[in-house]
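Participant: There's a structure below that I have some questions on.
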Amino acid sequence: MRLTVVGCSGSFPGPDSPASCYLLEADGFRLVIDFGNGSLGALQKYCGLFDIDAVCLSHLHADHCVDLYSYSVARTYAPAGVQPAIPVYGPAGSEGRMSLIHGPDGDDGLMKRFLFETLAPGRMMIGPFDVELAHVNHPVETFGFRFSRGGRSLVYTGDTGETEAVPALAAGADVFLSEAAFLEGPDLPPGIHLTARQAAAYASQAGVGRLVLTHLQPWNSLDDARAEAASEFGGDLDIARAGQVVDLAGLAPLSGGPFPACSRLRAATGPR
Ligand SMILES: [Zn+2]
Ligand SMILES: [Zn+2]
């Protein structure tokens, strides 16, 4: 399995990264995990526009799904003709929600470029990936995923607040790609996001090989996030960067740097 971070900016695109989008590849199969704002453009740096085999959406917040609509336009009006439909795995109501981006009366058939399948907690196969899914703690239905292939495993939290579902899903994972939208502070709203410290505590609890923090909001300091996480997790710790590639077979970054950081390194100046 090979993971490419297409976009990792939290909640909205940052100056150096689209919102959430990851490309997971194995055996020639290309799965897009989340399709946040701005990610369709960046995705074309890593694979052909029509080389995607399936899409998987953790939830229907715009920063995780809205570019699927743009992708429907591309697949519909491709110069070579309408592209064949590919599977889109998402929460209940995904097709209707995406269609409404076009207009209040729907999308004139744009979503026919996709075969929507509704996700549910449990296990399923997506292409070559053995996928375990669990509901996580977010204001809308949201899934966390454990992708396994070839004896390696990647766990992606989606967006989540505190829940024991996260360390349960992540137990012993090789790579734990965890959202860390918040930094520690007073009056954090519950049930929405994790702090970097909370994500790292789950990484320790789950005994993961590598923790990769993602979904950091652009106004947060990467240094603060790393310090928080290091206080709870003594293992291999990284912060997602747009363009970063993780080869799960070798567990070493494949691409050369430097990569643009998802959040600019600066003191937090905005609300958390
Ligand atoms: Zn989000
Ligand atoms: Zn969300």
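Chains: A, B, ... in order of the structure tokens. Residues: from 1 per chain. Ligands: from 1, in order shown.
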Could you give me, as a list in words, every polymer residue with an atom at most 10 Å away from an atom of ligand 2, counting only C-alpha atoms and all ligand atoms?
Facilitator: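 After applying the 10 Å limit, what remains is Gly10, Ser11, Ser20, Ser58, His59, Leu60, His61, Ala62, Asp63, His64, Cys65, Asn137, His138, Pro139, Val140, Glu141, Thr142, Gly158, Asp159, Thr160, Ile192, His193 and His215 of chain A.
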Participant: Within 12 Å of A:Tyr77, counting only C-alpha atoms, which residues show up once you throw out same-chain ones fewer than 6 positions away? Write them as a list of chain:residue names, please.
Facilitator: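 Close residues of A:Tyr77: A:Phe50, A:Ser70, A:Tyr71, A:Gln83, A:Pro84, A:Gly109, A:Leu110, A:Arg113.
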Participant: Residues of the last selection are to be written out with N, CA, C and O atoms, as a CSV table (one decimal), in the first residue's frame.
Facilitator:
chain,number,residue,atom,x,y,z
A,50,PHE,N,-8.5,10.5,-15.0
A,50,PHE,CA,-9.5,9.5,-15.0
A,50,PHE,C,-9.0,8.1,-14.6
A,50,PHE,O,-9.5,7.1,-15.0
A,70,SER,N,-17.1,18.4,-8.6
A,70,SER,CA,-16.3,18.9,-9.7
A,70,SER,C,-15.8,17.7,-10.5
A,70,SER,O,-15.7,17.8,-11.7
A,71,TYR,N,-15.5,16.6,-9.8
A,71,TYR,CA,-15.1,15.4,-10.5
A,71,TYR,C,-16.2,14.8,-11.4
A,71,TYR,O,-15.9,14.3,-12.5
A,83,GLN,N,-17.1,9.4,-19.1
A,83,GLN,CA,-16.3,8.3,-18.5
A,83,GLN,C,-17.2,7.3,-17.8
A,83,GLN,O,-18.3,7.7,-17.2
A,84,PRO,N,-16.8,6.0,-17.8
A,84,PRO,CA,-17.7,5.0,-17.1
A,84,PRO,C,-17.8,5.3,-15.6
A,84,PRO,O,-16.9,5.9,-15.0
A,109,GLY,N,-28.1,14.7,-13.8
A,109,GLY,CA,-27.5,13.5,-14.2
A,109,GLY,C,-26.0,13.4,-13.9
A,109,GLY,O,-25.4,12.4,-14.2
A,110,LEU,N,-25.4,14.5,-13.4
A,110,LEU,CA,-23.9,14.4,-13.2
A,110,LEU,C,-23.5,13.3,-12.3
A,110,LEU,O,-22.5,12.7,-12.5
A,113,ARG,N,-22.3,9.5,-13.0
A,113,ARG,CA,-20.9,9.2,-13.3
A,113,ARG,C,-20.3,8.3,-12.1
A,113,ARG,O,-19.2,7.8,-12.2
Participant: Have a look at A:Gly90, A:Pro121, A:Gly81, A:Gly161 and name the one nearest to ligand 1; count only C-alpha atoms and all ligand atoms.
Facilitator: A:Gly161
Participant: According to DSSP computed on the backbone, where in stretch 92-218 of chain A is there helix (DSSP H, G or I)? Give the residues as JSON, numbers by chain.
Facilitator: {"A": [94, 95, 96, 97, 98, 99, 100, 110, 111, 112, 113, 165, 166, 167, 168, 169, 170, 196, 197, 198, 199, 200, 201, 202, 203, 204, 205, 206]}
Participant: For the residues in the current selection, export N, CA and C atoms as a compact mmCIF listing (two decimals), in the first residue's frame.
Facilitator:
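The new file part-v2.txt reads:
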# COMPACT_ATOMS: atom_id res chain seq x y z
N SER A 94 -25.34 10.43 0.47
CA SER A 94 -24.23 11.08 -0.25
C SER A 94 -24.65 11.58 -1.63
N GLU A 95 -25.36 10.74 -2.38
CA GLU A 95 -25.73 11.14 -3.75
C GLU A 95 -26.61 12.39 -3.74
N GLY A 96 -27.59 12.42 -2.86
CA GLY A 96 -28.48 13.57 -2.80
C GLY A 96 -27.77 14.85 -2.41
N ARG A 97 -26.89 14.74 -1.44
CA ARG A 97 -26.15 15.92 -0.99
C ARG A 97 -25.25 16.45 -2.09
N MET A 98 -24.55 15.56 -2.76
CA MET A 98 -23.64 16.02 -3.82
C MET A 98 -24.43 16.62 -4.97
N SER A 99 -25.57 16.05 -5.27
CA SER A 99 -26.39 16.54 -6.37
C SER A 99 -26.87 17.97 -6.11
N LEU A 100 -27.14 18.28 -4.85
CA LEU A 100 -27.66 19.61 -4.51
C LEU A 100 -26.61 20.71 -4.66
N LEU A 110 -25.39 14.47 -13.43
CA LEU A 110 -23.95 14.43 -13.22
C LEU A 110 -23.53 13.29 -12.29
N MET A 111 -24.35 13.00 -11.28
CA MET A 111 -23.97 11.97 -10.33
C MET A 111 -24.08 10.55 -10.90
N LYS A 112 -24.61 10.45 -12.14
CA LYS A 112 -24.64 9.14 -12.79
C LYS A 112 -23.23 8.69 -13.18
N ARG A 113 -22.28 9.55 -13.01
CA ARG A 113 -20.88 9.16 -13.26
C ARG A 113 -20.35 8.28 -12.13
N ALA A 165 -13.83 4.36 19.98
CA ALA A 165 -13.81 3.70 18.67
C ALA A 165 -12.50 3.93 17.95
N VAL A 166 -11.85 5.05 18.22
CA VAL A 166 -10.61 5.37 17.51
C VAL A 166 -9.47 4.44 17.91
N PRO A 167 -9.12 4.33 19.19
CA PRO A 167 -8.03 3.40 19.52
C PRO A 167 -8.39 1.94 19.23
N ALA A 168 -9.67 1.61 19.30
CA ALA A 168 -10.06 0.24 18.97
C ALA A 168 -9.77 -0.05 17.50
N LEU A 169 -10.12 0.88 16.64
CA LEU A 169 -9.89 0.70 15.20
C LEU A 169 -8.40 0.69 14.90
N ALA A 170 -7.63 1.48 15.66
CA ALA A 170 -6.22 1.70 15.35
C ALA A 170 -5.29 0.68 16.00
N ALA A 196 -4.08 17.62 19.19
CA ALA A 196 -2.90 16.82 18.86
C ALA A 196 -2.53 15.91 20.04
N ARG A 197 -2.72 16.43 21.25
CA ARG A 197 -2.42 15.60 22.42
C ARG A 197 -3.35 14.40 22.50
N GLN A 198 -4.64 14.62 22.25
CA GLN A 198 -5.60 13.52 22.30
C GLN A 198 -5.30 12.48 21.22
N ALA A 199 -4.98 12.94 20.03
CA ALA A 199 -4.65 12.00 18.95
C ALA A 199 -3.44 11.15 19.33
N ALA A 200 -2.46 11.78 19.94
CA ALA A 200 -1.24 11.06 20.34
C ALA A 200 -1.53 10.08 21.47
N ALA A 201 -2.42 10.46 22.37
CA ALA A 201 -2.78 9.54 23.45
C ALA A 201 -3.44 8.29 22.88
N TYR A 202 -4.29 8.47 21.87
CA TYR A 202 -4.90 7.30 21.22
C TYR A 202 -3.83 6.48 20.51
N ALA A 203 -2.85 7.15 19.91
CA ALA A 203 -1.78 6.41 19.23
C ALA A 203 -1.02 5.54 20.21
N SER A 204 -0.76 6.08 21.40
CA SER A 204 -0.07 5.30 22.43
C SER A 204 -0.93 4.14 22.90
N GLN A 205 -2.20 4.44 23.14
CA GLN A 205 -3.13 3.41 23.61
C GLN A 205 -3.23 2.28 22.61
N ALA A 206 -3.23 2.63 21.33
CA ALA A 206 -3.41 1.64 20.27
C ALA A 206 -2.10 0.95 19.88
Participant: Nearest to A:Leu68 among A:Leu222, A:Ala92, A:Val5, A:Ile101, with distances taken over only C-alpha atoms: which residue is it?
Facilitator: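 The closest residue to A:Leu68 is A:Ile101.
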Participant: Determine the nearest neighbour of A:Arg210 from the options A:Leu194, A:Leu183, A:Leu43, A:Leu251, counting only C-alpha atoms.
Facilitator: A:Leu251
Participant: As a PyMOL selection string, list the residues of stretch 43-191 of chain A assigned to strand (DSSP E or B) by DSSP on the backbone atoms of this structure.
Facilitator: chain A and resi 54-56+86-90+114-118+122-126+129-135+143-149+152-156+175-179+182
